[in-house]
>>> print(open('protein_21.json').read())   # JSON, C-alpha atoms
[["chain", "number", "residue", "atom", "x", "y", "z"],
["S", 26, "MET", "CA", -1.07, 37.50, 45.98],
["S", 27, "THR", "CA", -0.37, 34.22, 44.11],
["S", 28, "SER", "CA", 2.79, 34.26, 42.03],
["S", 29, "PRO", "CA", 2.61, 33.46, 38.27],
["S", 30, "SER", "CA", 4.79, 30.39, 38.80],
["S", 31, "ARG", "CA", 2.31, 28.92, 41.27],
["S", 32, "ARG", "CA", -0.61, 29.66, 38.97],
["S", 33, "ARG", "CA", 1.16, 27.81, 36.14],
["S", 34, "SER", "CA", 2.18, 24.83, 38.24],
["S", 35, "PRO", "CA", -1.06, 22.78, 37.83],
["S", 36, "LEU", "CA", -0.88, 23.19, 34.05],
["S", 37, "ALA", "CA", 2.79, 22.26, 34.05],
["S", 38, "ALA", "CA", 2.04, 19.17, 36.14],
["S", 39, "GLU", "CA", -0.70, 18.11, 33.72],
["S", 40, "SER", "CA", 1.67, 18.62, 30.80],
["S", 41, "ARG", "CA", 4.30, 16.41, 32.45],
["S", 42, "TRP", "CA", 1.75, 13.69, 33.10],
["S", 43, "ALA", "CA", 0.53, 13.94, 29.51],
["S", 44, "TRP", "CA", 4.04, 13.46, 28.14],
["S", 45, "LEU", "CA", 4.58, 10.57, 30.56],
["S", 46, "PHE", "CA", 1.50, 8.71, 29.31],
["S", 47, "LEU", "CA", 2.30, 9.52, 25.66],
["S", 48, "ALA", "CA", 5.93, 8.42, 25.97],
["S", 49, "PRO", "CA", 5.35, 4.68, 25.24],
["S", 50, "THR", "CA", 3.41, 5.49, 22.07],
["S", 51, "ILE", "CA", 5.92, 8.10, 20.92],
["S", 52, "VAL", "CA", 8.86, 5.77, 21.57],
["S", 53, "GLY", "CA", 7.04, 2.93, 19.79],
["S", 54, "LEU", "CA", 6.35, 5.11, 16.74],
["S", 55, "ALA", "CA", 9.96, 6.31, 16.66],
["S", 56, "ILE", "CA", 11.41, 2.80, 16.88],
["S", 57, "LEU", "CA", 8.84, 0.78, 14.94],
["S", 58, "SER", "CA", 7.79, 3.35, 12.31],
["S", 59, "ALA", "CA", 10.23, 6.21, 11.85],
["S", 60, "GLY", "CA", 13.26, 3.94, 12.38],
["S", 61, "PRO", "CA", 12.40, 1.44, 9.63],
["S", 62, "ILE", "CA", 11.44, 4.26, 7.24],
["S", 63, "ILE", "CA", 14.84, 5.89, 7.66],
["S", 64, "ALA", "CA", 16.60, 2.51, 7.46],
["S", 65, "ALA", "CA", 14.75, 1.70, 4.23],
["S", 66, "LEU", "CA", 15.95, 4.99, 2.75],
["S", 67, "GLY", "CA", 19.53, 4.06, 3.54],
["S", 68, "ILE", "CA", 19.11, 0.56, 2.08],
["S", 69, "SER", "CA", 17.53, 2.01, -1.08],
["S", 70, "LEU", "CA", 20.85, 3.69, -1.85],
["S", 71, "THR", "CA", 22.71, 0.38, -1.83],
["S", 72, "LYS", "CA", 22.99, -2.89, -3.71],
["S", 73, "TRP", "CA", 22.44, -5.62, -1.13],
["S", 74, "ASP", "CA", 21.56, -9.30, -1.45],
["S", 75, "LEU", "CA", 21.45, -10.09, 2.31],
["S", 76, "LEU", "CA", 24.51, -12.33, 1.95],
["S", 77, "THR", "CA", 27.26, -9.86, 1.15],
["S", 78, "ALA", "CA", 27.98, -6.40, 2.50],
["S", 79, "PRO", "CA", 25.83, -3.57, 1.07],
["S", 80, "LYS", "CA", 27.42, -1.59, -1.76],
["S", 81, "PHE", "CA", 26.55, 2.08, -2.09],
["S", 82, "VAL", "CA", 25.07, 2.88, -5.52],
["S", 83, "GLY", "CA", 23.42, 6.24, -4.86],
["S", 84, "LEU", "CA", 20.21, 6.84, -6.81],
["S", 85, "ASP", "CA", 20.82, 4.04, -9.33],
["S", 86, "ASN", "CA", 17.98, 1.92, -7.93],
["S", 87, "PHE", "CA", 15.50, 4.77, -8.36],
["S", 88, "ALA", "CA", 16.71, 5.48, -11.90],
["S", 89, "THR", "CA", 16.39, 1.81, -12.83],
["S", 90, "LEU", "CA", 12.87, 1.62, -11.44],
["S", 91, "LEU", "CA", 11.68, 4.38, -13.74],
["S", 92, "SER", "CA", 12.53, 2.21, -16.74],
["S", 93, "ASP", "CA", 11.49, -1.11, -15.21],
["S", 94, "ARG", "CA", 8.52, -2.39, -17.22],
["S", 95, "ARG", "CA", 7.26, -4.65, -14.43],
["S", 96, "PHE", "CA", 7.40, -1.84, -11.88],
["S", 97, "LEU", "CA", 5.53, 0.52, -14.20],
["S", 98, "THR", "CA", 2.91, -2.19, -14.83],
["S", 99, "ALA", "CA", 2.50, -2.66, -11.08],
["S", 100, "LEU", "CA", 2.15, 1.11, -10.64],
["S", 101, "ARG", "CA", -0.57, 1.22, -13.30],
["S", 102, "ASN", "CA", -2.38, -1.76, -11.74],
["S", 103, "THR", "CA", -2.27, -0.17, -8.28],
["S", 104, "ALA", "CA", -3.56, 3.13, -9.65],
["S", 105, "PHE", "CA", -6.46, 1.33, -11.35],
["S", 106, "TYR", "CA", -7.25, -0.53, -8.13],
["S", 107, "THR", "CA", -7.24, 2.72, -6.15],
["S", 108, "VAL", "CA", -9.37, 4.85, -8.48],
["S", 109, "THR", "CA", -11.99, 2.09, -8.73],
["S", 110, "SER", "CA", -12.12, 0.50, -5.27],
["S", 111, "VAL", "CA", -12.07, 3.71, -3.20],
["S", 112, "PRO", "CA", -15.04, 5.58, -4.79],
["S", 113, "ILE", "CA", -17.07, 2.39, -5.27],
["S", 114, "GLY", "CA", -16.50, 1.40, -1.65],
["S", 115, "LEU", "CA", -17.48, 4.86, -0.37],
["S", 116, "VAL", "CA", -20.66, 5.05, -2.46],
["S", 117, "LEU", "CA", -21.83, 1.53, -1.58],
["S", 118, "GLY", "CA", -20.90, 2.03, 2.08],
["S", 119, "LEU", "CA", -22.91, 5.24, 2.26],
["S", 120, "GLY", "CA", -25.91, 3.62, 0.59],
["S", 121, "LEU", "CA", -25.84, 0.66, 2.98],
["S", 122, "ALA", "CA", -25.38, 2.92, 5.99],
["S", 123, "LEU", "CA", -28.46, 4.91, 4.98],
["S", 124, "ALA", "CA", -30.41, 1.67, 4.58],
["S", 125, "LEU", "CA", -29.22, 0.32, 7.95],
["S", 126, "ASN", "CA", -29.84, 3.58, 9.78],
["S", 127, "GLN", "CA", -33.36, 2.45, 10.62],
["S", 128, "ARG", "CA", -35.12, 1.53, 13.84],
["S", 129, "LEU", "CA", -36.23, -1.97, 12.93],
["S", 130, "ARG", "CA", -36.38, -5.18, 14.90],
["S", 131, "GLY", "CA", -33.20, -7.19, 14.41],
["S", 132, "ILE", "CA", -31.33, -4.34, 12.69],
["S", 133, "SER", "CA", -28.34, -4.82, 15.02],
["S", 134, "TRP", "CA", -27.92, -8.40, 13.78],
["S", 135, "ILE", "CA", -27.96, -7.21, 10.17],
["S", 136, "ARG", "CA", -25.31, -4.60, 10.98],
["S", 137, "THR", "CA", -23.18, -7.28, 12.60],
["S", 138, "ALA", "CA", -23.51, -9.50, 9.53],
["S", 139, "TYR", "CA", -22.14, -6.71, 7.32],
["S", 140, "PHE", "CA", -19.16, -6.29, 9.64],
["S", 141, "LEU", "CA", -18.20, -9.99, 9.78],
["S", 142, "PRO", "CA", -16.00, -9.92, 6.62],
["S", 143, "VAL", "CA", -13.83, -7.24, 8.26],
["S", 144, "VAL", "CA", -12.84, -9.52, 11.15],
["S", 145, "THR", "CA", -12.45, -12.58, 8.91],
["S", 146, "SER", "CA", -9.01, -13.54, 7.65],
["S", 147, "THR", "CA", -8.25, -12.07, 4.23],
["S", 148, "VAL", "CA", -6.64, -15.37, 3.24],
["S", 149, "ALA", "CA", -9.81, -17.31, 4.09],
["S", 150, "ILE", "CA", -11.98, -14.84, 2.20],
["S", 151, "SER", "CA", -9.65, -14.98, -0.81],
["S", 152, "LEU", "CA", -9.88, -18.77, -0.89],
["S", 153, "VAL", "CA", -13.68, -18.58, -0.89],
["S", 154, "TRP", "CA", -13.66, -16.03, -3.70],
["S", 155, "SER", "CA", -11.19, -18.14, -5.69],
["S", 156, "TRP", "CA", -13.86, -20.84, -5.65],
["S", 157, "ILE", "CA", -16.52, -18.28, -6.67],
["S", 158, "TYR", "CA", -14.33, -17.17, -9.58],
["S", 159, "SER", "CA", -13.38, -20.71, -10.62],
["S", 160, "PRO", "CA", -13.72, -20.98, -14.43],
["S", 161, "ASP", "CA", -14.85, -24.61, -14.25],
["S", 162, "SER", "CA", -17.03, -25.06, -11.16],
["S", 163, "GLY", "CA", -17.46, -21.55, -9.78],
["S", 164, "PRO", "CA", -20.99, -20.41, -8.91],
["S", 165, "LEU", "CA", -20.48, -17.10, -10.68],
["S", 166, "ASN", "CA", -20.03, -18.80, -14.03],
["S", 167, "GLY", "CA", -22.96, -21.04, -13.09],
["S", 168, "VAL", "CA", -25.15, -17.94, -12.80],
["S", 169, "LEU", "CA", -23.91, -16.67, -16.16],
["S", 170, "GLY", "CA", -24.69, -20.03, -17.72],
["S", 171, "PHE", "CA", -28.20, -19.96, -16.29],
["S", 172, "PHE", "CA", -28.84, -16.74, -18.21],
["S", 173, "GLY", "CA", -27.22, -18.09, -21.36],
["S", 174, "LEU", "CA", -24.05, -15.99, -21.04],
["S", 175, "PRO", "CA", -20.58, -17.39, -21.77],
["S", 176, "ALA", "CA", -18.33, -18.41, -18.86],
["S", 177, "GLN", "CA", -15.41, -16.13, -18.02],
["S", 178, "ARG", "CA", -11.89, -16.91, -16.84],
["S", 179, "TRP", "CA", -12.08, -14.01, -14.35],
["S", 180, "ILE", "CA", -8.71, -13.90, -12.54],
["S", 181, "ALA", "CA", -6.89, -15.50, -15.49],
["S", 182, "ASP", "CA", -8.36, -12.97, -17.92],
["S", 183, "PRO", "CA", -6.28, -9.76, -18.26],
["S", 184, "PHE", "CA", -9.47, -7.73, -18.72],
["S", 185, "TRP", "CA", -11.42, -9.11, -15.75],
["S", 186, "ALA", "CA", -8.55, -9.92, -13.36],
["S", 187, "MET", "CA", -8.19, -6.61, -11.50],
["S", 188, "PRO", "CA", -11.93, -5.75, -11.56],
["S", 189, "SER", "CA", -12.54, -9.15, -9.94],
["S", 190, "ILE", "CA", -10.12, -8.32, -7.15],
["S", 191, "VAL", "CA", -11.72, -4.89, -6.74],
["S", 192, "VAL", "CA", -15.14, -6.51, -6.27],
["S", 193, "MET", "CA", -13.83, -8.85, -3.58],
["S", 194, "SER", "CA", -11.93, -6.10, -1.77],
["S", 195, "VAL", "CA", -14.89, -3.71, -1.81],
["S", 196, "TRP", "CA", -17.14, -6.44, -0.41],
["S", 197, "GLN", "CA", -14.68, -7.22, 2.37],
["S", 198, "GLY", "CA", -14.14, -3.58, 3.33],
["S", 199, "LEU", "CA", -17.79, -2.53, 3.34],
["S", 200, "GLY", "CA", -18.17, -3.35, 7.04],
["S", 201, "THR", "CA", -15.69, -0.70, 8.17],
["S", 202, "THR", "CA", -17.13, 1.94, 5.84],
["S", 203, "VAL", "CA", -20.70, 1.21, 6.91],
["S", 204, "ILE", "CA", -19.86, 1.37, 10.63],
["S", 205, "ILE", "CA", -18.13, 4.76, 10.28],
["S", 206, "PHE", "CA", -20.95, 6.19, 8.17],
["S", 207, "LEU", "CA", -23.55, 4.84, 10.61],
["S", 208, "ALA", "CA", -21.78, 6.60, 13.47],
["S", 209, "GLY", "CA", -21.75, 9.82, 11.43],
["S", 210, "LEU", "CA", -25.44, 9.51, 10.54],
["S", 211, "GLN", "CA", -26.46, 8.88, 14.13],
["S", 212, "GLY", "CA", -24.44, 11.90, 15.24],
["S", 213, "ILE", "CA", -26.50, 14.31, 13.12],
["S", 214, "PRO", "CA", -29.02, 16.12, 15.38],
["S", 215, "GLU", "CA", -32.64, 15.32, 14.55],
["S", 216, "GLU", "CA", -33.50, 19.02, 14.89],
["S", 217, "TYR", "CA", -31.83, 19.76, 11.57],
["S", 218, "TYR", "CA", -34.14, 17.36, 9.76],
["S", 219, "ASP", "CA", -37.17, 18.78, 11.56],
["S", 220, "ALA", "CA", -36.21, 22.31, 10.54],
["S", 221, "ALA", "CA", -35.66, 21.24, 6.94],
["S", 222, "SER", "CA", -39.06, 19.50, 6.88],
["S", 223, "VAL", "CA", -40.73, 22.64, 8.20],
["S", 224, "ASP", "CA", -39.12, 24.57, 5.33],
["S", 225, "GLY", "CA", -40.65, 22.11, 2.88],
["S", 226, "ALA", "CA", -37.56, 20.03, 2.09],
["S", 227, "GLY", "CA", -38.27, 16.53, 0.79],
["S", 228, "PRO", "CA", -36.13, 13.40, 1.32],
["S", 229, "ARG", "CA", -33.73, 14.25, -1.51],
["S", 230, "ALA", "CA", -33.33, 17.85, -0.36],
["S", 231, "ARG", "CA", -32.74, 16.75, 3.24],
["S", 232, "PHE", "CA", -30.07, 14.31, 2.08],
["S", 233, "ARG", "CA", -28.38, 16.89, -0.14],
["S", 234, "TYR", "CA", -28.47, 19.90, 2.19],
["S", 235, "VAL", "CA", -28.45, 18.26, 5.64],
["S", 236, "THR", "CA", -27.13, 14.70, 5.61],
["S", 237, "LEU", "CA", -24.37, 15.00, 3.04],
["S", 238, "PRO", "CA", -22.73, 18.23, 4.37],
["S", 239, "LEU", "CA", -22.82, 17.02, 7.98],
["S", 240, "LEU", "CA", -21.47, 13.63, 6.94],
["S", 241, "THR", "CA", -18.41, 15.04, 5.16],
["S", 242, "PRO", "CA", -16.10, 14.51, 8.20],
["S", 243, "SER", "CA", -16.97, 10.80, 8.12],
["S", 244, "ILE", "CA", -16.49, 10.73, 4.34],
["S", 245, "PHE", "CA", -13.13, 12.43, 4.72],
["S", 246, "PHE", "CA", -11.96, 10.01, 7.41],
["S", 247, "THR", "CA", -13.16, 6.92, 5.56],
["S", 248, "GLY", "CA", -11.69, 8.18, 2.30],
["S", 249, "ILE", "CA", -8.21, 8.67, 3.70],
["S", 250, "LEU", "CA", -8.25, 5.20, 5.27],
["S", 251, "ALA", "CA", -9.42, 3.63, 2.01],
["S", 252, "LEU", "CA", -6.84, 5.57, -0.02],
["S", 253, "ILE", "CA", -3.90, 4.46, 2.11],
["S", 254, "ASP", "CA", -5.18, 0.89, 2.32],
["S", 255, "SER", "CA", -5.67, 0.62, -1.44],
["S", 256, "PHE", "CA", -2.00, 1.30, -2.14],
["S", 257, "GLN", "CA", -1.04, -1.52, 0.23],
["S", 258, "VAL", "CA", -3.16, -4.22, -1.41],
["S", 259, "PHE", "CA", -1.30, -7.52, -1.24],
["S", 260, "ASP", "CA", -2.91, -10.42, 0.68],
["S", 261, "GLN", "CA", -5.97, -10.93, -1.49],
["S", 262, "VAL", "CA", -3.97, -10.47, -4.69],
["S", 263, "TYR", "CA", -1.28, -12.91, -3.58],
["S", 264, "VAL", "CA", -3.74, -15.63, -2.61],
["S", 265, "LEU", "CA", -6.41, -15.06, -5.24],
["S", 266, "ALA", "CA", -4.39, -14.23, -8.33],
["S", 267, "ARG", "CA", -0.85, -15.54, -7.79],
["S", 268, "PRO", "CA", 0.51, -12.39, -9.48],
["S", 269, "GLY", "CA", 2.28, -12.86, -12.76],
["S", 270, "LYS", "CA", 1.39, -16.55, -13.20],
["S", 271, "ALA", "CA", -1.89, -16.05, -14.97],
["S", 272, "THR", "CA", -1.59, -12.42, -16.02],
["S", 273, "GLU", "CA", 0.48, -9.39, -15.04],
["S", 274, "ALA", "CA", -2.74, -7.39, -14.78],
["S", 275, "THR", "CA", -2.91, -8.37, -11.09],
["S", 276, "VAL", "CA", 0.60, -7.37, -10.03],
["S", 277, "PRO", "CA", 0.43, -4.49, -7.47],
["S", 278, "LEU", "CA", 3.27, -2.35, -6.14],
["S", 279, "VAL", "CA", 3.54, -4.14, -2.81],
["S", 280, "TYR", "CA", 3.97, -7.48, -4.59],
["S", 281, "THR", "CA", 6.93, -6.16, -6.58],
["S", 282, "ILE", "CA", 8.51, -5.06, -3.28],
["S", 283, "TYR", "CA", 8.02, -8.57, -1.87],
["S", 284, "GLU", "CA", 9.23, -10.16, -5.11],
["S", 285, "ASN", "CA", 12.41, -8.10, -5.37],
["S", 286, "GLY", "CA", 13.26, -8.28, -1.69],
["S", 287, "PHE", "CA", 12.38, -11.83, -0.65],
["S", 288, "GLN", "CA", 12.46, -13.78, -3.91],
["S", 289, "ASN", "CA", 15.22, -12.08, -5.89],
["S", 290, "PHE", "CA", 17.12, -10.83, -2.80],
["S", 291, "LYS", "CA", 17.52, -7.35, -4.25],
["S", 292, "MET", "CA", 16.95, -5.52, -0.99],
["S", 293, "GLY", "CA", 18.17, -2.13, -2.20],
["S", 294, "TYR", "CA", 15.89, -2.30, -5.22],
["S", 295, "ALA", "CA", 12.94, -3.37, -3.05],
["S", 296, "ALA", "CA", 13.62, -0.56, -0.58],
["S", 297, "ALA", "CA", 13.66, 1.95, -3.44],
["S", 298, "SER", "CA", 10.25, 0.66, -4.57],
["S", 299, "ALA", "CA", 8.97, 0.94, -1.02],
["S", 300, "TRP", "CA", 10.15, 4.53, -0.78],
["S", 301, "ILE", "CA", 8.48, 5.46, -4.06],
["S", 302, "LEU", "CA", 5.27, 3.93, -2.71],
["S", 303, "PHE", "CA", 5.71, 5.86, 0.53],
["S", 304, "LEU", "CA", 6.20, 9.15, -1.34],
["S", 305, "ILE", "CA", 3.15, 8.55, -3.54],
["S", 306, "VAL", "CA", 0.93, 7.87, -0.52],
["S", 307, "ALA", "CA", 2.42, 10.81, 1.41],
["S", 308, "VAL", "CA", 1.82, 13.27, -1.45],
["S", 309, "LEU", "CA", -1.74, 12.08, -2.09],
["S", 310, "THR", "CA", -2.52, 12.20, 1.63],
["S", 311, "ALA", "CA", -1.12, 15.73, 1.91],
["S", 312, "VAL", "CA", -3.19, 16.88, -1.08],
["S", 313, "TYR", "CA", -6.28, 15.18, 0.38],
["S", 314, "PHE", "CA", -5.80, 16.99, 3.69],
["S", 315, "ARG", "CA", -5.12, 20.25, 1.87],
["S", 316, "LEU", "CA", -8.41, 20.04, -0.01],
["S", 317, "GLN", "CA", -10.56, 19.23, 3.00],
["S", 318, "ASN", "CA", -11.18, 22.93, 3.72],
["S", 319, "ARG", "CA", -13.11, 23.17, 0.46],
["S", 320, "TRP", "CA", -15.66, 20.46, 1.11],
["S", 321, "VAL", "CA", -15.50, 19.15, 4.70],
["S", 322, "HIS", "CA", -17.96, 20.87, 7.05],
["S", 323, "TYR", "CA", -17.57, 20.52, 10.80],
["S", 324, "GLN", "CA", -20.46, 21.41, 13.10]]
>>> encode(input="protein_21.json", output="structure tokens")
Amino acid sequence: MTSPSRRRSPLAAESRWAWLFLAPTIVGLAILSAGPIIAALGISLTKWDLLTAPKFVGLDNFATLLSDRRFLTALRNTAFYTVTSVPIGLVLGLGLALALNQRLRGISWIRTAYFLPVVTSTVAISLVWSWIYSPDSGPLNGVLGFFGLPAQRWIADPFWAMPSIVVMSVWQGLGTTVIIFLAGLQGIPEEYYDAASVDGAGPRARFRYVTLPLLTPSIFFTGILALIDSFQVFDQVYVLARPGKATEATVPLVYTIYENGFQNFKMGYAAASAWILFLIVAVLTAVYFRLQNRWVHYQ
């Protein structure tokens, strides 16, 4: 009769091999992710200018941030960017994925064209859009002039500045959203649509009761990526808007971290801002995961 220890030995060997292959990733996450997060928490409790020794100040940096007008403005700007860019990107991405989920000649080339902005440098894209938004010679104002509408200052206008950045960011991120939604659409079994058609369901009913419920895992995954990414907006804002020079309406949270840490050399203050950003993203992500049981349907 085989002993229990011998019966467990293959499973134990597989477990050891699994940990061996996972070790580089785990060590990398611990050193490159968890380590800096903990270090930033320690720095946030100090006053440090990179030149002199850090001075422990406790929670003073956090208390000061709560009354810092520029930080609160950046928080409001980032919140506006998130609540506009995330839903707009998801809706447009889903619509394009439905349109591209067709068996047509050359459809693969069209899908590739939509993905090109994702692999293009954000700096290069921002420079192109700065020309599009140019108040003097930009094509966007040229189109407005053709229809007899007044030219706009776009990025320099406090009202249009952040919406302009949202438009550019949504356009650039559509490729990722479309690819994920396309994968989700193509993973839905055709039998479900056939059964719905037999029951008399039209295109709208099939989308509502078949496509949308079975696509919720893709929506959930894309939504969490877009949510986290929206709070880290920096490159396009830095290049396109030069935050604070034209209007403070374009200053995001990440820019204030860069500004305090690498322009004003207030590393403790910057680390406190980074930790507040980390906590906001962590709480929203936890709530998002908590709510998935109410609307995400797995096959």
>>> atom_distance(input="protein_21.json", atom1="CA of Ile190 (chain S)", atom2="CA of Pro175 (chain S)")
20.1 Å
>>> atom_distance(input="protein_21.json", atom1="CA of Leu152 (chain S)", atom2="CA of Gln197 (chain S)")
12.9 Å
>>> closest_residue(input="protein_21.json", among="S:Pro79, S:Gly248, S:Gly286, S:Gly173", to="Pro112 (chain S)", atoms="only C-alpha atoms")
S:Gly248
>>> residues_around(input="protein_21.json", residues="Gly209 (chain S)", least_positions_apart="2", cutoff="12 Å", atoms="only C-alpha atoms", output="list of chain:residue names")
S:Leu119, S:Ala122, S:Leu123, S:Asn126, S:Thr202, S:Val203, S:Ile204, S:Ile205, S:Phe206, S:Leu207, S:Gln211, S:Gly212, S:Ile213, S:Pro214, S:Thr236, S:Leu237, S:Pro238, S:Leu239, S:Leu240, S:Thr241, S:Pro242, S:Ser243, S:Ile244, S:Phe245, S:Phe246, S:Thr247, S:Tyr323, S:Gln324
>>> write_last_selection(input="protein_21.json", atoms="C-alpha atoms", output="mmCIF file, keeping the file's coordinate frame")
data_model
loop_
_atom_site.group_PDB
_atom_site.id
_atom_site.type_symbol
_atom_site.label_atom_id
_atom_site.label_comp_id
_atom_site.auth_asym_id
_atom_site.auth_seq_id
_atom_site.Cartn_x
_atom_site.Cartn_y
_atom_site.Cartn_z
ATOM 1 C CA LEU S 119 -22.910 5.240 2.260
ATOM 2 C CA ALA S 122 -25.380 2.920 5.990
ATOM 3 C CA LEU S 123 -28.460 4.910 4.980
ATOM 4 C CA ASN S 126 -29.840 3.580 9.780
ATOM 5 C CA THR S 202 -17.130 1.940 5.840
ATOM 6 C CA VAL S 203 -20.700 1.210 6.910
ATOM 7 C CA ILE S 204 -19.860 1.370 10.630
ATOM 8 C CA ILE S 205 -18.130 4.760 10.280
ATOM 9 C CA PHE S 206 -20.950 6.190 8.170
ATOM 10 C CA LEU S 207 -23.550 4.840 10.610
ATOM 11 C CA GLN S 211 -26.460 8.880 14.130
ATOM 12 C CA GLY S 212 -24.440 11.900 15.240
ATOM 13 C CA ILE S 213 -26.500 14.310 13.120
ATOM 14 C CA PRO S 214 -29.020 16.120 15.380
ATOM 15 C CA THR S 236 -27.130 14.700 5.610
ATOM 16 C CA LEU S 237 -24.370 15.000 3.040
ATOM 17 C CA PRO S 238 -22.730 18.230 4.370
ATOM 18 C CA LEU S 239 -22.820 17.020 7.980
ATOM 19 C CA LEU S 240 -21.470 13.630 6.940
ATOM 20 C CA THR S 241 -18.410 15.040 5.160
ATOM 21 C CA PRO S 242 -16.100 14.510 8.200
ATOM 22 C CA SER S 243 -16.970 10.800 8.120
ATOM 23 C CA ILE S 244 -16.490 10.730 4.340
ATOM 24 C CA PHE S 245 -13.130 12.430 4.720
ATOM 25 C CA PHE S 246 -11.960 10.010 7.410
ATOM 26 C CA THR S 247 -13.160 6.920 5.560
ATOM 27 C CA TYR S 323 -17.570 20.520 10.800
ATOM 28 C CA GLN S 324 -20.460 21.410 13.100
#
>>> atom_distance(input="protein_21.json", atom1="CA of Val108 (chain S)", atom2="CA of Ala297 (chain S)")
23.8 Å
>>> residues_near_point(input="protein_21.json", point="(-9.9, -9.7, -12.1)", cutoff="10 Å", atoms="only C-alpha atoms", output="list in words")
Tyr158, Arg178, Trp179, Ile180, Ala181, Asp182, Pro183, Phe184, Trp185, Ala186, Met187, Pro188, Ser189, Ile190, Val191, Val192, Met193, Val262, Leu265, Ala266, Thr272, Ala274 and Thr275 of chain S
>>> residues_around(input="protein_21.json", residues="Ile150 (chain S)", least_positions_apart="3", cutoff="10 Å", atoms="all atoms listed in the file", output="list of chain:residue names")
S:Pro142, S:Val143, S:Thr145, S:Ser146, S:Thr147, S:Val153, S:Trp154, S:Ser155, S:Met193, S:Ser194, S:Gln197, S:Gln261, S:Val264, S:Leu265
>>> residues_around(input="protein_21.json", residues="Tyr218 (chain S)", least_positions_apart="3", cutoff="8 Å", atoms="only C-alpha atoms", output="ChimeraX atom specification")
/S:214-215,221-222,231,235
>>> residues_around(input="protein_21.json", residues="Leu70 (chain S)", least_positions_apart="2", cutoff="6 Å", atoms="only C-alpha atoms", output="PyMOL selection string")
chain S and resi 67-68+81-84
>>> residues_around(input="protein_21.json", residues="region 161-167 of chain S", least_positions_apart="5", cutoff="8 Å", atoms="all atoms listed in the file", output="list in words")
Trp156, Pro175, Ala176 and Gln177 of chain S
>>> closest_residue(input="protein_21.json", among="S:Ile282, S:Leu91, S:Ala104, S:Ile249", to="Tyr294 (chain S)", atoms="only C-alpha atoms")
S:Ile282
>>> closest_residue(input="protein_21.json", among="S:Arg41, S:Leu252, S:Asp74, S:Phe232", to="Val312 (chain S)", atoms="only C-alpha atoms")
S:Leu252
